[in-house]
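A quick write-up on the structure given underneath.
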Amino acid sequence: MKWEFLPATEFHGHHELWDRLNDCNTNSPLLEARFVQSGLDSFGTDNEYLAICKNSDGLVAATILSFSRMFITQTFQPSQVPIGLWVQTPDLDRSRSITALFKALPIHKVLISLLQLDPDLIHREENTPNSNSIDYITTARLIVNGDFETYWNQRGKNLKRNKKKIDNRLKNSELECALECITSQADVDSALSDYEKLEDSGWKGESGTAITVHNEQGKFYSTLLKRYAETGDLSIFKYTIGNEIAAVDLCILRDSTLVILKTTYNEELKQYSPALMMHIEIIKRIFERNDSMPAIIEFYGRTMDWHRRLTDNTRELFHMNYYRFSMLQNVHVALSGMNRVD
């Protein structure tokens, strides 16, 4: 196996190569070249490289690596990118490819960390003297199968009781609820403006972490969502209570998978649990149209209580560390206490 390194600024010329690997194995919306490109455009520095691995049969793996740290090479991982940017052929011997990667890297790089890997997409290897895996977070998804009534009957009593209370509260207040799905590129900026207003009015606005049209987060989501809208792979859900926008979901599609990237809600309407009510309506709509709508809803991010109310399907994302020398693993584990990857 042989690795080639190119500045990540040249990634735009290798989209077809990257997508070929994604298509042959994971086919994930979060690993499409247009998603990766959006992340690089907004959060890339001069320290990222596109790494391409080939063997005698041709292309077998690719990744985006950050060289920003002295002794460590790790996958490029801004917080807006939920999973690690690594794509490969299904039959790749990853340990061999990493051995070849170490040979291609400068000798002072002694640790390679593949961050936030999804075990549904990338096999979790057993620990060896030169490698270990570390639990990152538990994440949730919902597999849409059958009909909504059956799904709803399987939900917990507390969820069903709470929804009934909220329905009665809305009825007593004479408030109508509606769910709108935005798919047009022309409507992205308006939808993001609605999202920004909700997020900026809450605790994220107070802490300075809200999405705005003026920060890199806002520019990232604007570019990303417009790229997915071009091919009909965008769904921005807007949930209204009365005349107020109550909650907004930013989502992208790929084949049978809907990925919820970001959720915000109107904190002044929290007595109606707007985000939860919106997600119930989204799930109901997808069940009703699962012949043409996604069959899997990926929540990604750390599993919250409301995720567990809606689904029992969870899995553990993980980091994978590879060491140039086996003795370094013991030193690294001792220093980090296995609580961090770096």
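We name chains A, B, ... following the order of the structure tokens; residues begin at 1 in each chain, and ligands are numbered from 1 as shown.
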
Residues of segment 30-109 of chain A that have any atom at most 12 Å from an atom of segment 127-132 of chain A: could you tabulate them with the shortest-distance atom pair and the distance in Å to one decimal, using only C-alpha atoms, ordered by chain and increasing number, as a Markdown table?
```
| residue | atom | partner | partner_atom | distance |
| --- | --- | --- | --- | --- |
| A:Arg94 | CA | A:Ser131 | CA | 11.3 |
| A:Ser95 | CA | A:Ser131 | CA | 8.9 |
| A:Arg96 | CA | A:Asn130 | CA | 11.8 |
| A:Ile98 | CA | A:Ser131 | CA | 10.2 |
| A:Thr99 | CA | A:Asn130 | CA | 9.9 |
| A:Phe102 | CA | A:Asn130 | CA | 11.8 |
```

Using only C-alpha atoms, I'd like a table of the residues in segment 217-334 of chain A that come within 12 Å of segment 35-55 of chain A; for each, show the closest atom pair and its distance in Å rounded to one decimal, ordered by chain and ascending number, as CSV.
```
residue,atom,partner,partner_atom,distance
A:Gln217,CA,A:Ser42,CA,7.7
A:Gly218,CA,A:Ser42,CA,9.5
A:Lys219,CA,A:Ser42,CA,7.1
A:Phe220,CA,A:Ser42,CA,5.6
A:Tyr221,CA,A:Ser38,CA,8.2
A:Ser222,CA,A:Ser38,CA,9.5
A:Thr223,CA,A:Ser38,CA,6.6
A:Leu224,CA,A:Ser38,CA,5.7
A:Leu225,CA,A:Phe35,CA,9.2
A:Lys226,CA,A:Ser38,CA,10.4
A:Arg227,CA,A:Phe35,CA,8.5
A:Tyr228,CA,A:Phe35,CA,8.7
A:Asp233,CA,A:Phe35,CA,11.9
A:Ile252,CA,A:Phe35,CA,9.9
A:Leu253,CA,A:Phe35,CA,11.5
A:Arg254,CA,A:Phe35,CA,11.6
A:Leu261,CA,A:Phe35,CA,11.6
```

Check your understanding: In terms of the shortest atom-to-atom distance over only C-alpha atoms, which of A:Lys103, A:Lys160, A:Lys171, A:His307 is closest to Thr138 of chain A?
Key ->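 With only C-alpha atoms as the atom set, the closest residue is A:His307.
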
Can you list every residue in segment 125-259 of chain A that DSSP puts in strand (DSSP E or B), as JSON, numbers by chain? {"A": [128, 131, 132, 133, 134, 135, 136, 137, 138, 139, 140, 141, 142, 143, 177, 178, 179, 180, 181, 182, 234, 235, 236, 237, 238, 239, 240, 241, 244, 245, 246, 247, 248, 249, 250, 251, 252, 253, 254, 257, 258, 259]}

Leu192 of chain A proximity check over A:Trp306, A:Phe237, A:Phe11, A:Tyr151, using only C-alpha atoms: winner is A:Phe237

Excluding same-chain residues fewer than 2 positions from segment 258-260 of chain A, what lies within 10 Å of it counting only C-alpha atoms, as a ChimeraX atom specification? /A:28-30,141-142,233-237,249-256,262-263,286,293-301

Next item on the list: Could you find all residues in segment 40-221 of chain A that DSSP calls alpha helix (DSSP H) from the backbone, and write them as a PyMOL selection string?
Entry: chain A and resi 40-43+94-104+148-153+157-172+188-200+203-207+216-221
